[in-house]
file run_3.txt (compact mmCIF, C-alpha atoms and all ligand atoms)
# COMPACT_ATOMS: atom_id res chain seq x y z
CA MET A 239 3.99 -16.66 -11.87
CA ASN A 240 7.57 -15.64 -12.43
CA THR A 241 9.66 -18.24 -10.69
CA ASN A 242 13.02 -16.65 -11.48
CA SER A 243 12.95 -14.75 -8.26
CA MET A 244 11.19 -17.51 -6.31
CA ALA A 245 11.85 -17.32 -2.63
CA THR A 246 10.18 -19.40 0.02
CA LEU A 247 8.34 -18.44 3.13
CA PRO A 248 9.70 -20.09 6.26
CA GLY A 249 8.05 -23.13 7.83
CA ARG A 250 4.67 -22.79 9.43
CA ASN A 251 3.90 -23.57 13.04
CA LYS A 252 0.44 -23.56 14.45
CA ASN A 253 0.54 -22.05 17.91
CA SER A 254 -1.96 -22.54 20.70
CA THR A 255 -4.14 -19.58 19.61
CA GLY A 256 -4.54 -21.00 16.11
CA MET A 257 -2.68 -18.02 14.68
CA LEU A 258 -0.51 -18.65 11.67
CA ASP A 259 3.05 -18.39 12.68
CA LEU A 260 5.80 -18.00 10.13
CA GLY A 261 9.31 -18.54 11.38
CA GLY A 262 7.90 -19.01 14.89
CA ARG A 263 6.45 -15.49 14.96
CA PRO A 264 2.90 -14.12 14.57
CA THR A 265 2.40 -12.74 11.08
CA VAL A 266 1.32 -9.22 10.09
CA VAL A 267 0.64 -8.05 6.52
CA PHE A 268 1.47 -4.50 5.35
CA CYS A 269 -0.11 -3.81 2.01
CA ASP A 270 0.16 -0.93 -0.44
CA PHE A 271 -3.11 0.38 -1.90
CA ASP A 272 -2.86 2.15 -5.30
CA GLY A 273 -1.94 -0.30 -8.04
CA THR A 274 -1.76 -3.14 -5.51
CA VAL A 275 -5.24 -3.40 -3.95
CA THR A 276 -6.69 -1.28 -6.76
CA THR A 277 -5.89 -2.02 -10.39
CA SER A 278 -5.06 1.63 -11.15
CA ASP A 279 -3.69 4.67 -9.31
CA VAL A 280 -6.58 6.60 -7.72
CA THR A 281 -4.78 9.98 -7.62
CA ASP A 282 -3.78 9.73 -11.30
CA VAL A 283 -7.37 8.93 -12.32
CA LEU A 284 -8.75 11.85 -10.27
CA LEU A 285 -6.23 14.27 -11.77
CA GLN A 286 -6.94 13.08 -15.30
CA GLN A 287 -10.69 13.44 -14.87
CA LEU A 288 -11.17 16.35 -12.45
CA ALA A 289 -8.05 18.53 -12.26
CA HIS A 290 -6.98 21.58 -14.24
CA PRO A 291 -4.54 20.33 -16.95
CA SER A 292 -1.66 22.21 -15.31
CA TRP A 293 -1.31 19.19 -12.98
CA GLN A 294 0.91 17.77 -15.73
CA GLU A 295 3.33 20.70 -15.47
CA ILE A 296 3.64 20.00 -11.74
CA GLU A 297 4.33 16.36 -12.59
CA GLU A 298 7.16 17.51 -14.88
CA ARG A 299 8.68 19.63 -12.10
CA TRP A 300 8.58 16.59 -9.82
CA LEU A 301 10.13 14.32 -12.46
CA SER A 302 12.98 16.81 -12.95
CA GLY A 303 13.60 16.87 -9.17
CA GLU A 304 12.59 20.50 -8.74
CA ILE A 305 9.95 19.63 -6.09
CA ASP A 306 9.58 16.61 -3.79
CA ASP A 307 6.78 14.05 -4.09
CA CYS A 308 4.72 15.54 -1.25
CA GLN A 309 4.97 19.08 -2.71
CA CYS A 310 3.97 17.63 -6.06
CA MET A 311 0.95 15.81 -4.69
CA ALA A 312 -0.21 18.73 -2.52
CA GLN A 313 -0.05 21.12 -5.50
CA GLN A 314 -1.84 18.66 -7.77
CA ILE A 315 -4.63 17.87 -5.30
CA ALA A 316 -5.34 21.62 -4.99
CA LEU A 317 -6.14 21.58 -8.73
CA ILE A 318 -9.01 19.09 -8.35
CA ASP A 319 -12.25 20.79 -9.26
CA GLY A 320 -15.27 19.02 -7.84
CA ALA A 321 -17.12 18.32 -4.62
CA TRP A 322 -16.96 14.98 -2.78
CA PRO A 323 -19.91 13.46 -4.73
CA ASN A 324 -18.03 14.17 -8.01
CA ILE A 325 -14.93 12.44 -6.63
CA VAL A 326 -17.00 9.44 -5.49
CA LYS A 327 -18.58 9.20 -8.95
CA VAL A 328 -15.17 9.10 -10.66
CA VAL A 329 -13.82 6.60 -8.14
CA ASP A 330 -16.84 4.29 -8.44
CA ASN A 331 -16.87 4.45 -12.25
CA SER A 332 -13.13 4.03 -12.74
CA ILE A 333 -11.47 2.30 -9.79
CA ALA A 334 -11.73 -1.47 -9.40
CA ILE A 335 -9.96 -3.65 -6.89
CA ASP A 336 -7.88 -6.75 -7.64
CA ALA A 337 -10.40 -9.55 -8.30
CA HIS A 338 -8.66 -11.80 -5.74
CA PHE A 339 -8.13 -9.27 -2.95
CA LYS A 340 -11.34 -10.21 -1.12
CA SER A 341 -10.36 -13.88 -1.03
CA PHE A 342 -6.92 -12.79 0.22
CA MET A 343 -8.61 -10.88 3.07
CA ALA A 344 -10.80 -13.91 3.86
CA LEU A 345 -7.70 -16.10 3.96
CA CYS A 346 -5.90 -13.69 6.30
CA ASN A 347 -9.00 -13.55 8.47
CA ASP A 348 -9.09 -17.36 8.68
CA MET A 349 -5.41 -17.37 9.59
CA HIS A 350 -5.80 -14.52 12.13
CA ILE A 351 -3.31 -12.41 10.20
CA PRO A 352 -3.94 -8.66 10.67
CA VAL A 353 -3.74 -6.64 7.44
CA TYR A 354 -2.67 -2.98 7.47
CA ILE A 355 -2.84 -0.68 4.44
CA GLY A 356 0.04 1.76 3.89
CA SER A 357 -0.57 4.25 1.12
CA ASN A 358 0.89 7.47 -0.24
CA GLY A 359 -2.69 8.06 -1.35
CA LEU A 360 -5.79 9.69 0.04
CA ASP A 361 -7.33 8.44 3.29
CA ARG A 362 -10.94 9.38 2.56
CA ILE A 363 -10.88 7.57 -0.76
CA ILE A 364 -9.28 4.46 0.71
CA THR A 365 -12.04 4.39 3.35
CA HIS A 366 -14.67 4.84 0.66
CA ILE A 367 -13.35 2.01 -1.51
CA LEU A 368 -12.88 -0.39 1.43
CA ASN A 369 -16.45 0.34 2.62
CA ARG A 370 -17.79 -0.04 -0.91
CA GLU A 371 -16.16 -3.46 -1.12
CA SER A 372 -17.15 -4.43 2.47
CA ILE A 373 -13.50 -4.96 3.38
CA GLN A 374 -12.25 -4.43 6.91
CA VAL A 375 -8.57 -3.91 7.61
CA GLU A 376 -6.76 -3.63 10.93
CA GLY A 377 -5.70 -0.04 10.22
CA TYR A 378 -4.12 2.19 7.62
CA TRP A 379 -1.56 4.92 7.05
CA ALA A 380 -2.25 7.48 4.30
CA TYR A 381 -2.34 11.18 3.53
CA ARG A 382 -5.32 13.10 4.86
CA LEU A 383 -7.58 14.63 2.22
CA ILE A 384 -9.16 17.84 3.48
CA GLU A 385 -12.12 19.68 1.99
CA ARG A 386 -12.27 23.37 2.91
CA ASN A 387 -14.20 26.20 1.21
CA LYS A 388 -14.89 24.02 -1.82
CA SER A 389 -11.22 23.26 -2.37
CA TRP A 390 -8.99 20.30 -1.61
CA SER A 391 -5.75 20.08 0.30
CA LEU A 392 -3.56 17.43 1.89
CA GLU A 393 -2.21 16.94 5.35
CA PHE A 394 0.87 14.76 5.71
CA PRO A 395 1.62 12.57 8.73
CA GLN A 396 3.63 14.37 11.40
CA GLY A 397 5.72 13.33 14.40
CA GLU A 398 5.83 9.60 15.05
CA LYS A 399 3.42 8.99 12.19
CA ARG A 400 5.85 10.55 9.73
CA GLY A 401 8.20 7.58 9.38
CA LYS A 402 11.89 7.76 10.16
CA CYS A 403 13.52 7.21 6.79
CA ARG A 404 13.83 10.85 5.71
CA THR A 405 14.32 9.61 2.19
CA PRO A 406 15.24 12.24 -0.39
CA HIS A 407 12.24 13.74 -2.19
CA SER A 408 9.80 12.56 0.47
CA ILE A 409 8.74 13.97 3.81
CA ALA A 410 6.83 10.94 5.03
CA CYS A 411 7.03 7.19 4.57
CA LYS A 412 4.93 4.11 5.28
CA CYS A 413 7.56 2.72 7.65
CA ALA A 414 5.74 4.64 10.39
CA LEU A 415 3.05 1.97 10.17
CA LEU A 416 5.51 -0.89 10.17
CA GLU A 417 7.62 0.61 12.97
CA ARG A 418 4.56 0.73 15.24
CA GLN A 419 4.47 -3.08 15.00
CA LEU A 420 8.12 -3.48 15.96
CA THR A 421 7.12 -4.17 19.50
CA ASP A 422 8.26 -6.88 21.89
CA LYS A 423 6.20 -9.37 19.85
CA ASP A 424 8.54 -8.94 16.86
CA PRO A 425 6.01 -10.10 14.27
CA TYR A 426 6.85 -11.75 10.96
CA LYS A 427 6.27 -8.82 8.60
CA ILE A 428 5.01 -9.40 5.07
CA VAL A 429 5.01 -6.36 2.76
CA ILE A 430 2.97 -6.36 -0.47
CA GLY A 431 3.50 -3.62 -3.04
CA ASP A 432 4.42 -2.42 -6.49
CA SER A 433 6.12 0.96 -6.53
CA LYS A 434 8.81 3.35 -5.31
CA SER A 435 6.81 4.26 -2.21
CA ASP A 436 7.20 0.60 -1.12
CA PHE A 437 11.00 0.55 -1.41
CA CYS A 438 11.91 1.63 2.12
CA TRP A 439 9.45 -0.54 4.08
CA SER A 440 10.34 -3.58 1.97
CA THR A 441 13.89 -3.37 3.36
CA LYS A 442 12.41 -3.83 6.86
CA ALA A 443 10.09 -6.72 5.96
CA ASP A 444 10.75 -10.40 6.58
CA PHE A 445 9.20 -11.26 3.23
CA VAL A 446 7.92 -9.23 0.27
CA PHE A 447 5.34 -9.94 -2.42
CA ALA A 448 6.37 -7.60 -5.22
CA LYS A 449 5.38 -6.55 -8.70
CA ALA A 450 6.51 -3.87 -11.17
CA LYS A 451 9.16 -1.42 -9.86
CA LEU A 452 9.22 -3.02 -6.42
CA ALA A 453 10.05 -6.45 -7.90
CA GLN A 454 13.00 -4.92 -9.75
CA TYR A 455 14.14 -3.14 -6.57
CA CYS A 456 13.92 -6.37 -4.52
CA ARG A 457 16.03 -8.19 -7.14
CA GLU A 458 18.65 -5.42 -7.14
CA GLN A 459 18.74 -5.17 -3.34
CA ASP A 460 18.65 -8.94 -2.81
CA ILE A 461 15.49 -8.72 -0.68
CA ASP A 462 13.71 -12.02 0.01
CA HIS A 463 10.64 -11.80 -2.22
CA GLN A 464 8.11 -13.48 -4.48
CA THR A 465 6.85 -11.74 -7.59
CA PHE A 466 3.10 -11.66 -8.24
CA VAL A 467 0.74 -10.52 -10.97
CA ASP A 468 -2.42 -10.42 -8.86
CA PHE A 469 -3.57 -11.62 -5.43
CA SER A 470 -4.39 -15.11 -6.75
CA HIS A 471 -0.62 -15.78 -6.66
CA ILE A 472 -0.32 -14.55 -3.09
CA ASN A 473 -3.35 -16.63 -2.08
CA GLU A 474 -1.79 -19.71 -3.69
CA CYS A 475 1.35 -19.15 -1.68
CA LEU A 476 -0.55 -18.75 1.61
CA GLU A 477 -2.80 -21.73 0.88
CA GLN A 478 0.28 -23.89 0.37
CA LYS A 479 1.35 -22.82 3.85
CA ILE A 480 -2.05 -23.83 5.28
CA ALA A 481 -1.85 -27.21 3.57
CA ALA A 482 1.77 -27.78 4.65
ZN ZN A 501 10.60 4.38 5.25
call {"tool": "encode", "arguments": {"input": "run_3.txt", "output": "structure tokens"}}
result
Amino acid sequence: MNTNSMATLPGRNKNSTGMLDLGGRPTVVFCDFDGTVTTSDVTDVLLQQLAHPSWQEIEERWLSGEIDDCQCMAQQIALIDGAWPNIVKVVDNSIAIDAHFKSFMALCNDMHIPVYIGSNGLDRIITHILNRESIQVEGYWAYRLIERNKSWSLEFPQGEKRGKCRTPHSIACKCALLERQLTDKDPYKIVIGDSKSDFCWSTKADFVFAKAKLAQYCREQDIDHQTFVDFSHINECLEQKIAA
């Protein structure tokens, strides 16, 4: 574990319901999916294995700023050639989850911490992988994958589900999920993630577990965080809280 950016979670109180309480507030976890729960990016793997090679030209147009990330993804998804069973086959052969994610979920369950998934990925595939792994989450926010006339398209969250950040190059953000929890209960919000799509909701979190690009962003923005390599590090951190 990289301790250079070590930050500490606030003190734990056990309230009358037995719910873990960090900083005197009930805790909620908001977790990214691709590259965080899974060990690789599902959309990238699908494009590499099932899409017409021109998906790479679209990627170049996105990298040069010509199109935004939602336009890029919508155009790339339309290039996927294969029915749902083909997609499932690729996902089941190629996509594994973090070896310690199930024990993380068990720990959160024991501590009555709800876990939400926020992903700029594909809802139907997230559901498939979670079912495959017998994992139940409180809810999730993702893009809707639609199958129509043997072709694939995406539907992006609209209205309140769109997120309020209006960040450049993106029409929707995961903050919609986090903002729904900003109720009168004011929960202690833990965000777990790895990439650019986690930047904006990490600024609204009380604590962040970060790796890769998100860890660098948290360092630069001075966001209270702990770096991690896999969920065993996050579990260690939570277990210390239980033992405290
Ligand atoms: Zn946002």
call {"tool": "residues_near_ligand", "arguments": {"input": "run_3.txt", "ligand": "ligand ZN 501 (chain A)", "cutoff": "12 Å", "atoms": "only C-alpha atoms and all ligand atoms", "output": "VMD selection string"}}
result
chain A and resid 356 to 358 399 to 406 408 to 417 434 to 443
call {"tool": "write_last_selection", "arguments": {"input": "run_3.txt", "atoms": "C-alpha atoms", "output": "PDB file, in the frame of the given file"}}
result
ATOM      1  CA  GLY A 356       0.040   1.760   3.890  1.00  0.00           C
ATOM      2  CA  SER A 357      -0.570   4.250   1.120  1.00  0.00           C
ATOM      3  CA  ASN A 358       0.890   7.470  -0.240  1.00  0.00           C
ATOM      4  CA  LYS A 399       3.420   8.990  12.190  1.00  0.00           C
ATOM      5  CA  ARG A 400       5.850  10.550   9.730  1.00  0.00           C
ATOM      6  CA  GLY A 401       8.200   7.580   9.380  1.00  0.00           C
ATOM      7  CA  LYS A 402      11.890   7.760  10.160  1.00  0.00           C
ATOM      8  CA  CYS A 403      13.520   7.210   6.790  1.00  0.00           C
ATOM      9  CA  ARG A 404      13.830  10.850   5.710  1.00  0.00           C
ATOM     10  CA  THR A 405      14.320   9.610   2.190  1.00  0.00           C
ATOM     11  CA  PRO A 406      15.240  12.240  -0.390  1.00  0.00           C
ATOM     12  CA  SER A 408       9.800  12.560   0.470  1.00  0.00           C
ATOM     13  CA  ILE A 409       8.740  13.970   3.810  1.00  0.00           C
ATOM     14  CA  ALA A 410       6.830  10.940   5.030  1.00  0.00           C
ATOM     15  CA  CYS A 411       7.030   7.190   4.570  1.00  0.00           C
ATOM     16  CA  LYS A 412       4.930   4.110   5.280  1.00  0.00           C
ATOM     17  CA  CYS A 413       7.560   2.720   7.650  1.00  0.00           C
ATOM     18  CA  ALA A 414       5.740   4.640  10.390  1.00  0.00           C
ATOM     19  CA  LEU A 415       3.050   1.970  10.170  1.00  0.00           C
ATOM     20  CA  LEU A 416       5.510  -0.890  10.170  1.00  0.00           C
ATOM     21  CA  GLU A 417       7.620   0.610  12.970  1.00  0.00           C
ATOM     22  CA  LYS A 434       8.810   3.350  -5.310  1.00  0.00           C
ATOM     23  CA  SER A 435       6.810   4.260  -2.210  1.00  0.00           C
ATOM     24  CA  ASP A 436       7.200   0.600  -1.120  1.00  0.00           C
ATOM     25  CA  PHE A 437      11.000   0.550  -1.410  1.00  0.00           C
ATOM     26  CA  CYS A 438      11.910   1.630   2.120  1.00  0.00           C
ATOM     27  CA  TRP A 439       9.450  -0.540   4.080  1.00  0.00           C
ATOM     28  CA  SER A 440      10.340  -3.580   1.970  1.00  0.00           C
ATOM     29  CA  THR A 441      13.890  -3.370   3.360  1.00  0.00           C
ATOM     30  CA  LYS A 442      12.410  -3.830   6.860  1.00  0.00           C
ATOM     31  CA  ALA A 443      10.090  -6.720   5.960  1.00  0.00           C
TER      32      ALA A 443
END
call {"tool": "closest_residue", "arguments": {"input": "run_3.txt", "among": "A:Leu284, A:Cys308, A:Val275, A:Met343", "to": "Asp432 (chain A)", "atoms": "only C-alpha atoms"}}
result
A:Val275
call {"tool": "residues_near_point", "arguments": {"input": "run_3.txt", "point": "(-7.8, -12.6, -3.8)", "cutoff": "9 Å", "atoms": "only C-alpha atoms", "output": "list in words"}}
result
Asp336, Ala337, His338, Phe339, Lys340, Ser341, Phe342, Met343, Ala344, Leu345, Asp468, Phe469, Ser470, His471, Ile472 and Asn473 of chain A
call {"tool": "atom_distance", "arguments": {"input": "run_3.txt", "atom1": "CA of Asp330 (chain A)", "atom2": "CA of Trp300 (chain A)"}}
result
28.3 Å
call {"tool": "closest_residue", "arguments": {"input": "run_3.txt", "among": "A:Gln459, A:Arg418, A:Ala321, A:Arg362", "to": "Glu398 (chain A)", "atoms": "only C-alpha atoms"}}
result
A:Arg418
call {"tool": "closest_residue", "arguments": {"input": "run_3.txt", "among": "A:Val328, A:Ala334, A:Leu301, A:Val429", "to": "Ile461 (chain A)", "atoms": "all atoms listed in the file"}}
result
A:Val429
call {"tool": "residues_near_point", "arguments": {"input": "run_3.txt", "point": "(5.3, 2.5, -8.1)", "cutoff": "12 Å", "atoms": "all atoms listed in the file", "output": "PDB file with C-alpha atoms, keeping the file's coordinate frame"}}
result
ATOM      1  CA  ASP A 270       0.160  -0.930  -0.440  1.00  0.00           C
ATOM      2  CA  PHE A 271      -3.110   0.380  -1.900  1.00  0.00           C
ATOM      3  CA  ASP A 272      -2.860   2.150  -5.300  1.00  0.00           C
ATOM      4  CA  GLY A 273      -1.940  -0.300  -8.040  1.00  0.00           C
ATOM      5  CA  THR A 274      -1.760  -3.140  -5.510  1.00  0.00           C
ATOM      6  CA  SER A 278      -5.060   1.630 -11.150  1.00  0.00           C
ATOM      7  CA  ASP A 279      -3.690   4.670  -9.310  1.00  0.00           C
ATOM      8  CA  SER A 357      -0.570   4.250   1.120  1.00  0.00           C
ATOM      9  CA  ASN A 358       0.890   7.470  -0.240  1.00  0.00           C
ATOM     10  CA  GLY A 359      -2.690   8.060  -1.350  1.00  0.00           C
ATOM     11  CA  ILE A 430       2.970  -6.360  -0.470  1.00  0.00           C
ATOM     12  CA  GLY A 431       3.500  -3.620  -3.040  1.00  0.00           C
ATOM     13  CA  ASP A 432       4.420  -2.420  -6.490  1.00  0.00           C
ATOM     14  CA  SER A 433       6.120   0.960  -6.530  1.00  0.00           C
ATOM     15  CA  LYS A 434       8.810   3.350  -5.310  1.00  0.00           C
ATOM     16  CA  SER A 435       6.810   4.260  -2.210  1.00  0.00           C
ATOM     17  CA  ASP A 436       7.200   0.600  -1.120  1.00  0.00           C
ATOM     18  CA  PHE A 437      11.000   0.550  -1.410  1.00  0.00           C
ATOM     19  CA  ALA A 448       6.370  -7.600  -5.220  1.00  0.00           C
ATOM     20  CA  LYS A 449       5.380  -6.550  -8.700  1.00  0.00           C
ATOM     21  CA  ALA A 450       6.510  -3.870 -11.170  1.00  0.00           C
ATOM     22  CA  LYS A 451       9.160  -1.420  -9.860  1.00  0.00           C
ATOM     23  CA  LEU A 452       9.220  -3.020  -6.420  1.00  0.00           C
ATOM     24  CA  ALA A 453      10.050  -6.450  -7.900  1.00  0.00           C
ATOM     25  CA  GLN A 454      13.000  -4.920  -9.750  1.00  0.00           C
ATOM     26  CA  TYR A 455      14.140  -3.140  -6.570  1.00  0.00           C
TER      27      TYR A 455
END
call {"tool": "closest_residue", "arguments": {"input": "run_3.txt", "among": "A:Tyr354, A:Phe394, A:Trp322, A:Tyr378", "to": "Gln309 (chain A)", "atoms": "all atoms listed in the file"}}
result
A:Phe394
call {"tool": "residues_around", "arguments": {"input": "run_3.txt", "residues": "Ile363 (chain A)", "least_positions_apart": "4", "cutoff": "9 Å", "atoms": "only C-alpha atoms", "output": "VMD selection string"}}
result
chain A and resid 280 325 to 326 329 359 367 to 368 383
call {"tool": "closest_residue", "arguments": {"input": "run_3.txt", "among": "A:Val283, A:Ile296, A:Ile318, A:Leu476", "to": "Lys388 (chain A)", "atoms": "only C-alpha atoms"}}
result
A:Ile318
call {"tool": "closest_residue", "arguments": {"input": "run_3.txt", "among": "A:Asp361, A:Asp424, A:Asp282, A:Glu371", "to": "Pro395 (chain A)", "atoms": "all atoms listed in the file"}}
result
A:Asp361
call {"tool": "atom_distance", "arguments": {"input": "run_3.txt", "atom1": "CA of Val467 (chain A)", "atom2": "CA of Ile335 (chain A)"}}
result
13.4 Å
call {"tool": "atom_distance", "arguments": {"input": "run_3.txt", "atom1": "CA of Leu392 (chain A)", "atom2": "CA of Trp379 (chain A)"}}
result
13.7 Å
